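Presented below is the structure to which this report refers.
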Amino acid sequence: MKATAMRAAVVTAAVYGYFLLFAQFAFVELLRGQVAGHDAETFEKTALGLMALMGIASGFWVAWKGASARKVQTGLLLGAAAAGIVPWVTGLPCLIVVAMITGVAVGLCTVSLATMLRSWCSLVHVGIGTGIGYACCNLPWVFSLPPSQQAGVATVFALLGAVCVPAKAGDSCEPKAREMPFSLAVLLFTALVWLDSAAFFIIQHAADLKQGTWGETLLWRNAVIHLLAALIAGVWLQRGPARLLPAIAWGLLAVAALAVNHDSSRMLGGLLYPIAVSLYSVALVAWPGWFSGAANPRDAAWKAAWVFAVAGWFGSANGIGMAQSLHRVPHEFIFISGVVVCGVMFFPSVKHWRSAAAVLLVGVVACWPRTHAANSSATATERGRQVYLSEGCIHCHSQFVRPATRDDEYWGPSRSNMVEARPVLIGNRRQGPDLSTLAVRRSAVWLKQHFINPQLFSPGSAMPSYASLFETERGDDLVAYLRQLGTADAPAIVAKASTWQPAESHAPSMMGKDLFNRQCALCHGADGTGNGVMAAKLGKVPANLVKGPFIWSPESADRELKIQRIIKFGIFGTDMPGHETLNDEQVMELAKFVLSLRS
Amino acid sequence: MHAPGTSPTGVETATRHALGWLVFGNSVGLFLAILLVEPQWQLGELSYGRWVPLHLNSQLYGWTALPLVAWLLQLYEVDSSRFRGWGPAAVWAWTAALGFACLLWLKGESSGKIFLDWRGGSLQAFVVALVILWAVLFASWWDRASEWSRMRVRVALAGLVVLAMVPLMMVMASSPKTYPPVDPTTGGPLGSSLMGSTLLVVVLMLMLPRTAGIKGRGAAISGTWWFFGFALVVFGLAEAKGGGHYDWWQIGAMLIELPWIGLIIYDWAGFEWPECARVWRKPVLFWWTLLSLTAVGMYFPGILDHIKFTQGLVAHSHLAMAAFTTSFCAMILSVITGRSVGSPRTVGGWNLAVFIMLMTLATMGWREGQNAEWMIVPTTWRQAGMFIRAVCGASMLAASASWLIKQRKNS
């Protein structure tokens, strides 16, 4: 009986492999390669529409006539024929015929297989088969082939599947308890397939997204992830609460769709996406046989036909159709599918109508469009303050200098009116410096560049990149707001800087070079000539420390003290920032090193 | 426990949602802890700062508030009234308000008030949820009053009058124009403010065994209530007088927290706690003692100055929320549902992870207070601390997830 189960797993892998590689991918590419001109889109839609129509029709035909191993075999052989001949097919009518045959093949084998699996193998085998199917499609030498050769590989998949179709039933597994009405399960899978199809289409057609998720170097990784995730899904369905699996898959898919939109988090998206897809794919193929509450194989076949027609064909066509001109996965797609998934998961019957009504009422109130008192005359500073609130800067930065503490030395002076502003923005945690007097200590150029790439300024900094703010005016508004923080304190800070001097150091540590490389080389260059990587972005070229500054000043303790003060407090009104958190010894060592650069 | 095929009761729904929000809040907390180690994992415009309100508010308005909602539903016997079908609806309205608020906070709709970040749509939705809950409680009171004693009817009505003011108080408290008294020289709250919130917790701790019908010998009751009255008077006087962080009357108000350590322990010892509550009783009292001692200790000059704005203060916040409040909320749920939240092993795992995290954060905070250079130059001790924090967060998430799964299985 183990042989029957393993054969069933191979057939599952073959069906998934064929569908993913040929029906969903290679055939569409071949279609596009043969059709050009303004009718191309219409023709493509017609061919794929007919494929879906034939798929749905043949699926329901299976349900009407009853599923059998022979029908799985016939479907796979038809599929092999369609994929085998398509590289030599020319002419639009012939391509349409191939599309229809492919639809019939997919409809026959998917509905039949989903019905028969329970009599052949366990859920774990379904997981193994699904995982192998996905993994094979992600193997670099399959994934990277031209479409005509992928069609050849799909032919091999289909033929292998046809050969392996078990002739007899195994130890028929008992169906599991129905965990939700079947109509809701169809809705749940439709939301999943819809979001997945839209996300897949968008990623596939945006070069940067594709490279970061299933680029050539990531294919082996994805293959392994698919295999493992599908295996876990099989085990989960065998032992755990089945209804949670599609919900978890949606959660992972949602995070992946969010993450894939951005350079910084694309890797995370690329990791989660194959996990999510494998999880729900196993559930999708297993649901009609095990979890739909089907009383007999005929009933299971009808349910399989419905779930594949609505969730499979309609869901994917709709998702792809709505994603045609998009280059990023819209948040609205995630929200809409999330509403459906949550609705199905939490309100599975009419007896929950009170709770559903309460949620609906609260939702309508929360999302009701409001006419914000749009203040068109708001200044950049006022808008920037709102950005400061929206981005939650308060959670990492304070605007409160405590008197008679080291705060005063770093970011002072302190003021007594810091709690008078509304809302109060004194903060409660510093992951980064206090911002009370930021305008005196950092230039607009410096702030912008730091927002875009904080790691460049402080390698290992906990501050994430806020480059996305500068895709609109919000970034500049935020800089404008920050550039007015503490301007009133400028005279006091300048006065402090002009009188400050470090305490005597007793133990020279020779750390000046290290400090220079860490703190100064970014702008002044590693050799101090002012050619650092940031130099070109600053308003004025940084000082060449080999030739100056203070080149005309005689060598004296006073000159060294001036340099120490500049290191500590920066130069007000220029891009030269202060280095407030360096201690006196570090400032002195750094000044010594700067002086040693002079030719 | 509800019978198979029937809907969960209001108390069960609130319990499930509370644990669900705990799992959610812990997930976001873990994500934030990871972001502090690997900031490049930030999800584009969904920045670290936008996620923080989700973590804070899901813990406060989800995990902390919903056990109190469950307690209210039980006190007003909603699940025994003709309106029992509306108990779960009130809880769902609460969860929906918080859920939609989370989406709005992620969208950047923030007022800038930590823990009171309700504005616009989120505030209105939350007010609607509060009104629905109040209406359900009122309907149940109306329905059940005929079976209660006259005293109970009156006390419950007084409770409804107080609760009716909550929506308005939320609107006022959430306004960016209001802010609690803060000492401008330290940035910290005054002793009287801290004492006020402590007294509120004390009331809840005294009420729990009495309203849950737990048998007890009633030892020290009169002494406890006399001291409560005295503390209330001191609170009123210190609050009215105001002043600065280090004025003697504010320090005195703070010191009045200390006797409550022993009074609560003594008071609770007089009750025969059910088996389901025992796994949480010792953690509640341990964290209560540590929280009170550290709160008073940190108020004194030199200590607050050293840890203000550092991980030390984060440690104290987690001592309040992850340690004490979590233990107390779990105990409330255990007592009112008659089923323990978590097993001894997972409860032990949670408390151990919290303890390690607190020690790590406190050590980091003390170190941060010595020199701010770590902000510019990443130090090994800080990275190691953040890593330990994330591991503890993962352990806490696993423990809380197991509680939710156990609750679902039991119901």
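Quick note on naming: the chains in the structure tokens go A, B, ... in the order shown, residues restart at 1 in each chain, and ligands are numbered from 1 in order of appearance.
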Taking only C-alpha atoms into account, report as an mmCIF file with N, CA and C atoms, in the first residue's frame which residues of chain B lie within 7 Å of chain A.
```cif
data_model
loop_
_atom_site.group_PDB
_atom_site.id
_atom_site.type_symbol
_atom_site.label_atom_id
_atom_site.label_comp_id
_atom_site.auth_asym_id
_atom_site.auth_seq_id
_atom_site.Cartn_x
_atom_site.Cartn_y
_atom_site.Cartn_z
ATOM 1 N N LEU B 36 15.486 46.179 16.095
ATOM 2 C CA LEU B 36 16.553 46.925 16.770
ATOM 3 C C LEU B 36 17.921 46.279 16.527
ATOM 4 N N VAL B 37 17.914 44.995 16.239
ATOM 5 C CA VAL B 37 19.170 44.310 15.923
ATOM 6 C C VAL B 37 19.437 44.378 14.416
ATOM 7 N N PRO B 39 17.954 46.569 11.683
ATOM 8 C CA PRO B 39 17.028 47.633 11.241
ATOM 9 C C PRO B 39 16.706 47.588 9.751
ATOM 10 N N GLN B 40 17.541 46.914 8.978
ATOM 11 C CA GLN B 40 17.274 46.875 7.526
ATOM 12 C C GLN B 40 16.050 46.024 7.197
ATOM 13 N N TRP B 41 15.508 45.330 8.187
ATOM 14 C CA TRP B 41 14.302 44.524 7.942
ATOM 15 C C TRP B 41 13.026 45.350 8.030
ATOM 16 N N GLN B 42 13.172 46.640 8.232
ATOM 17 C CA GLN B 42 11.984 47.502 8.276
ATOM 18 C C GLN B 42 11.215 47.390 6.963
ATOM 19 N N LEU B 43 9.871 47.327 7.075
ATOM 20 C CA LEU B 43 9.040 47.131 5.892
ATOM 21 C C LEU B 43 8.713 48.477 5.243
ATOM 22 N N GLY B 44 9.701 49.091 4.609
ATOM 23 C CA GLY B 44 9.485 50.343 3.884
ATOM 24 C C GLY B 44 8.844 51.405 4.744
ATOM 25 N N GLU B 45 7.704 51.942 4.259
ATOM 26 C CA GLU B 45 7.065 53.031 5.010
ATOM 27 C C GLU B 45 6.402 52.559 6.298
ATOM 28 N N SER B 47 7.172 51.843 9.225
ATOM 29 C CA SER B 47 8.413 51.999 9.979
ATOM 30 C C SER B 47 8.293 51.507 11.417
ATOM 31 N N GLY B 49 8.570 53.091 14.136
ATOM 32 C CA GLY B 49 7.739 53.973 14.951
ATOM 33 C C GLY B 49 6.251 53.762 14.738
ATOM 34 N N ARG B 50 5.862 53.293 13.556
ATOM 35 C CA ARG B 50 4.440 53.034 13.321
ATOM 36 C C ARG B 50 3.995 51.730 13.979
ATOM 37 N N TRP B 86 -25.496 39.043 23.134
ATOM 38 C CA TRP B 86 -24.812 40.304 22.856
ATOM 39 C C TRP B 86 -23.479 40.433 23.579
ATOM 40 N N PRO B 88 -20.776 38.326 23.440
ATOM 41 C CA PRO B 88 -19.698 38.171 22.449
ATOM 42 C C PRO B 88 -19.654 39.343 21.465
ATOM 43 N N ALA B 89 -20.834 39.897 21.125
ATOM 44 C CA ALA B 89 -20.853 41.013 20.173
ATOM 45 C C ALA B 89 -20.124 42.229 20.739
ATOM 46 N N TRP B 92 -16.502 41.551 20.445
ATOM 47 C CA TRP B 92 -16.076 41.690 19.048
ATOM 48 C C TRP B 92 -15.980 43.163 18.640
ATOM 49 N N ALA B 93 -16.927 43.975 19.146
ATOM 50 C CA ALA B 93 -16.860 45.414 18.835
ATOM 51 C C ALA B 93 -15.567 46.000 19.382
ATOM 52 N N ALA B 96 -12.737 44.781 17.237
ATOM 53 C CA ALA B 96 -12.762 45.433 15.927
ATOM 54 C C ALA B 96 -12.230 46.859 16.035
ATOM 55 N N ALA B 97 -12.616 47.576 17.116
ATOM 56 C CA ALA B 97 -12.135 48.951 17.288
ATOM 57 C C ALA B 97 -10.615 48.961 17.399
ATOM 58 N N PHE B 100 -9.089 47.936 13.880
ATOM 59 C CA PHE B 100 -9.073 49.028 12.903
ATOM 60 C C PHE B 100 -8.096 50.130 13.331
ATOM 61 N N GLY B 108 -0.126 55.634 9.888
ATOM 62 C CA GLY B 108 0.494 56.881 10.334
ATOM 63 C C GLY B 108 -0.465 57.827 11.022
ATOM 64 N N GLU B 109 -1.658 57.335 11.361
ATOM 65 C CA GLU B 109 -2.641 58.188 12.050
ATOM 66 C C GLU B 109 -2.341 58.163 13.540
ATOM 67 N N SER B 110 -1.462 59.016 13.983
ATOM 68 C CA SER B 110 -1.075 58.997 15.388
ATOM 69 C C SER B 110 -1.208 60.385 15.999
ATOM 70 N N SER B 111 -1.623 60.407 17.275
ATOM 71 C CA SER B 111 -1.749 61.702 17.954
ATOM 72 C C SER B 111 -0.465 62.053 18.683
ATOM 73 N N GLY B 112 0.433 61.091 18.819
ATOM 74 C CA GLY B 112 1.682 61.355 19.529
ATOM 75 C C GLY B 112 1.571 61.144 21.024
ATOM 76 N N GLY B 121 -10.839 58.385 13.295
ATOM 77 C CA GLY B 121 -11.622 57.153 13.143
ATOM 78 C C GLY B 121 -11.397 56.170 14.262
ATOM 79 N N SER B 122 -10.159 56.037 14.724
ATOM 80 C CA SER B 122 -9.890 55.050 15.777
ATOM 81 C C SER B 122 -10.579 55.455 17.076
ATOM 82 N N GLN B 124 -13.312 57.362 17.427
ATOM 83 C CA GLN B 124 -14.766 57.216 17.295
ATOM 84 C C GLN B 124 -15.188 55.741 17.353
ATOM 85 N N ALA B 125 -14.375 54.894 16.708
ATOM 86 C CA ALA B 125 -14.686 53.458 16.734
ATOM 87 C C ALA B 125 -14.589 52.919 18.155
ATOM 88 N N VAL B 128 -17.586 53.935 20.151
ATOM 89 C CA VAL B 128 -18.743 53.093 19.786
ATOM 90 C C VAL B 128 -18.642 51.748 20.518
ATOM 91 N N ALA B 129 -17.451 51.178 20.548
ATOM 92 C CA ALA B 129 -17.272 49.883 21.232
ATOM 93 C C ALA B 129 -17.576 50.015 22.723
ATOM 94 N N PRO B 176 -4.665 65.657 22.454
ATOM 95 C CA PRO B 176 -3.273 66.107 22.569
ATOM 96 C C PRO B 176 -3.128 67.332 23.472
ATOM 97 N N LYS B 177 -4.264 67.978 23.775
ATOM 98 C CA LYS B 177 -4.178 69.199 24.586
ATOM 99 C C LYS B 177 -4.019 68.906 26.070
ATOM 100 N N PRO B 184 9.048 69.396 35.358
ATOM 101 C CA PRO B 184 9.850 69.882 34.228
ATOM 102 C C PRO B 184 11.345 69.694 34.434
ATOM 103 N N THR B 185 11.783 69.440 35.652
ATOM 104 C CA THR B 185 13.227 69.269 35.844
ATOM 105 C C THR B 185 13.664 67.821 35.651
ATOM 106 N N THR B 186 12.733 66.895 35.681
ATOM 107 C CA THR B 186 13.122 65.485 35.530
ATOM 108 C C THR B 186 12.428 64.800 34.358
ATOM 109 N N PHE B 309 15.107 57.604 30.207
ATOM 110 C CA PHE B 309 15.264 57.466 28.749
ATOM 111 C C PHE B 309 16.080 56.240 28.340
ATOM 112 N N THR B 310 16.492 55.404 29.293
ATOM 113 C CA THR B 310 17.326 54.245 28.931
ATOM 114 C C THR B 310 16.508 52.952 28.946
ATOM 115 N N ALA B 372 26.611 57.992 26.526
ATOM 116 C CA ALA B 372 25.695 57.879 25.387
ATOM 117 C C ALA B 372 26.413 57.500 24.092
ATOM 118 N N GLU B 373 27.672 57.150 24.192
ATOM 119 C CA GLU B 373 28.414 56.879 22.961
ATOM 120 C C GLU B 373 27.869 55.674 22.203
ATOM 121 N N MET B 375 25.123 55.156 21.222
ATOM 122 C CA MET B 375 24.194 55.554 20.167
ATOM 123 C C MET B 375 24.895 55.689 18.819
ATOM 124 N N ILE B 376 26.164 56.029 18.865
ATOM 125 C CA ILE B 376 26.910 56.265 17.623
ATOM 126 C C ILE B 376 27.714 55.031 17.243
ATOM 127 N N VAL B 377 28.334 54.434 18.236
ATOM 128 C CA VAL B 377 29.178 53.267 17.970
ATOM 129 C C VAL B 377 28.497 52.034 18.549
ATOM 130 N N PRO B 378 28.061 51.105 17.698
ATOM 131 C CA PRO B 378 27.397 49.919 18.237
ATOM 132 C C PRO B 378 28.358 49.098 19.089
#
```
Got a sec: who's within 8 Å of Leu515 in chain A, counting only C-alpha atoms, leaving out chain neighbours fewer than 5 positions off, as a list in words?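 Selected residues are Cys520, Gln586 and Leu590 of chain A.
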Requested write-out: C-alpha atoms of the selected residues, as an mmCIF file, in the first residue's frame:
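The resulting file, selection_13.cif, is shown below:
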```cif
data_model
loop_
_atom_site.group_PDB
_atom_site.id
_atom_site.type_symbol
_atom_site.label_atom_id
_atom_site.label_comp_id
_atom_site.auth_asym_id
_atom_site.auth_seq_id
_atom_site.Cartn_x
_atom_site.Cartn_y
_atom_site.Cartn_z
ATOM 1 C CA CYS A 520 35.250 61.531 9.705
ATOM 2 C CA GLN A 586 38.479 60.759 22.246
ATOM 3 C CA LEU A 590 40.997 62.751 17.165
#
```
Counting only C-alpha atoms, the residue of A:Ala40, A:Leu192, A:Leu117, A:Leu478 that sits nearest Phe314 in chain A: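 Among A:Ala40, A:Leu192, A:Leu117, A:Leu478, it is A:Leu192 that comes nearest to Phe314 in chain A.
Take the candidates A:Ala309, A:Ile203, A:Ala81, A:Ile128 and check each one against Ala229 in chain A using only C-alpha atoms; the shortest distance goes to A:Ile128.
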List the neighbours of Leu361 in chain B out to 10 Å using only C-alpha atoms; skip same-chain residues closer than 2 positions along the sequence, and give me the result as an mmCIF file with C-alpha atoms, in the first residue's frame.
```
data_model
loop_
_atom_site.group_PDB
_atom_site.id
_atom_site.type_symbol
_atom_site.label_atom_id
_atom_site.label_comp_id
_atom_site.auth_asym_id
_atom_site.auth_seq_id
_atom_site.Cartn_x
_atom_site.Cartn_y
_atom_site.Cartn_z
ATOM 1 C CA THR B 310 17.326 54.245 28.931
ATOM 2 C CA GLN B 311 16.544 50.538 28.679
ATOM 3 C CA GLY B 312 16.306 50.685 32.470
ATOM 4 C CA LEU B 313 12.975 52.461 32.163
ATOM 5 C CA VAL B 314 11.933 49.982 29.462
ATOM 6 C CA ALA B 315 12.770 47.242 31.968
ATOM 7 C CA HIS B 316 10.482 48.854 34.510
ATOM 8 C CA HIS B 318 8.024 45.484 31.158
ATOM 9 C CA PHE B 355 12.929 37.759 34.466
ATOM 10 C CA ILE B 356 15.916 37.287 32.158
ATOM 11 C CA MET B 357 14.671 40.069 29.887
ATOM 12 C CA LEU B 358 14.184 42.448 32.816
ATOM 13 C CA MET B 359 17.659 41.771 34.163
ATOM 14 C CA THR B 363 21.797 46.105 33.078
ATOM 15 C CA MET B 364 21.790 47.700 29.651
ATOM 16 C CA GLY B 365 19.943 50.715 31.022
ATOM 17 C CA TRP B 366 22.494 51.241 33.762
ATOM 18 C CA ARG B 367 25.288 50.992 31.222
ATOM 19 C CA ARG B 382 24.265 46.362 23.483
ATOM 20 C CA GLY B 385 21.547 42.518 25.148
ATOM 21 C CA MET B 386 19.225 43.128 22.233
ATOM 22 C CA ILE B 388 18.913 38.162 24.506
ATOM 23 C CA ARG B 389 15.827 40.379 24.589
#
```
Residues of range 42-252 of chain B in alpha helix (DSSP H) according to DSSP, as a PyMOL selection string? chain B and resi 48-57+65-75+86-106+120-144+150-164+166-174+191-211+221-241+248-252
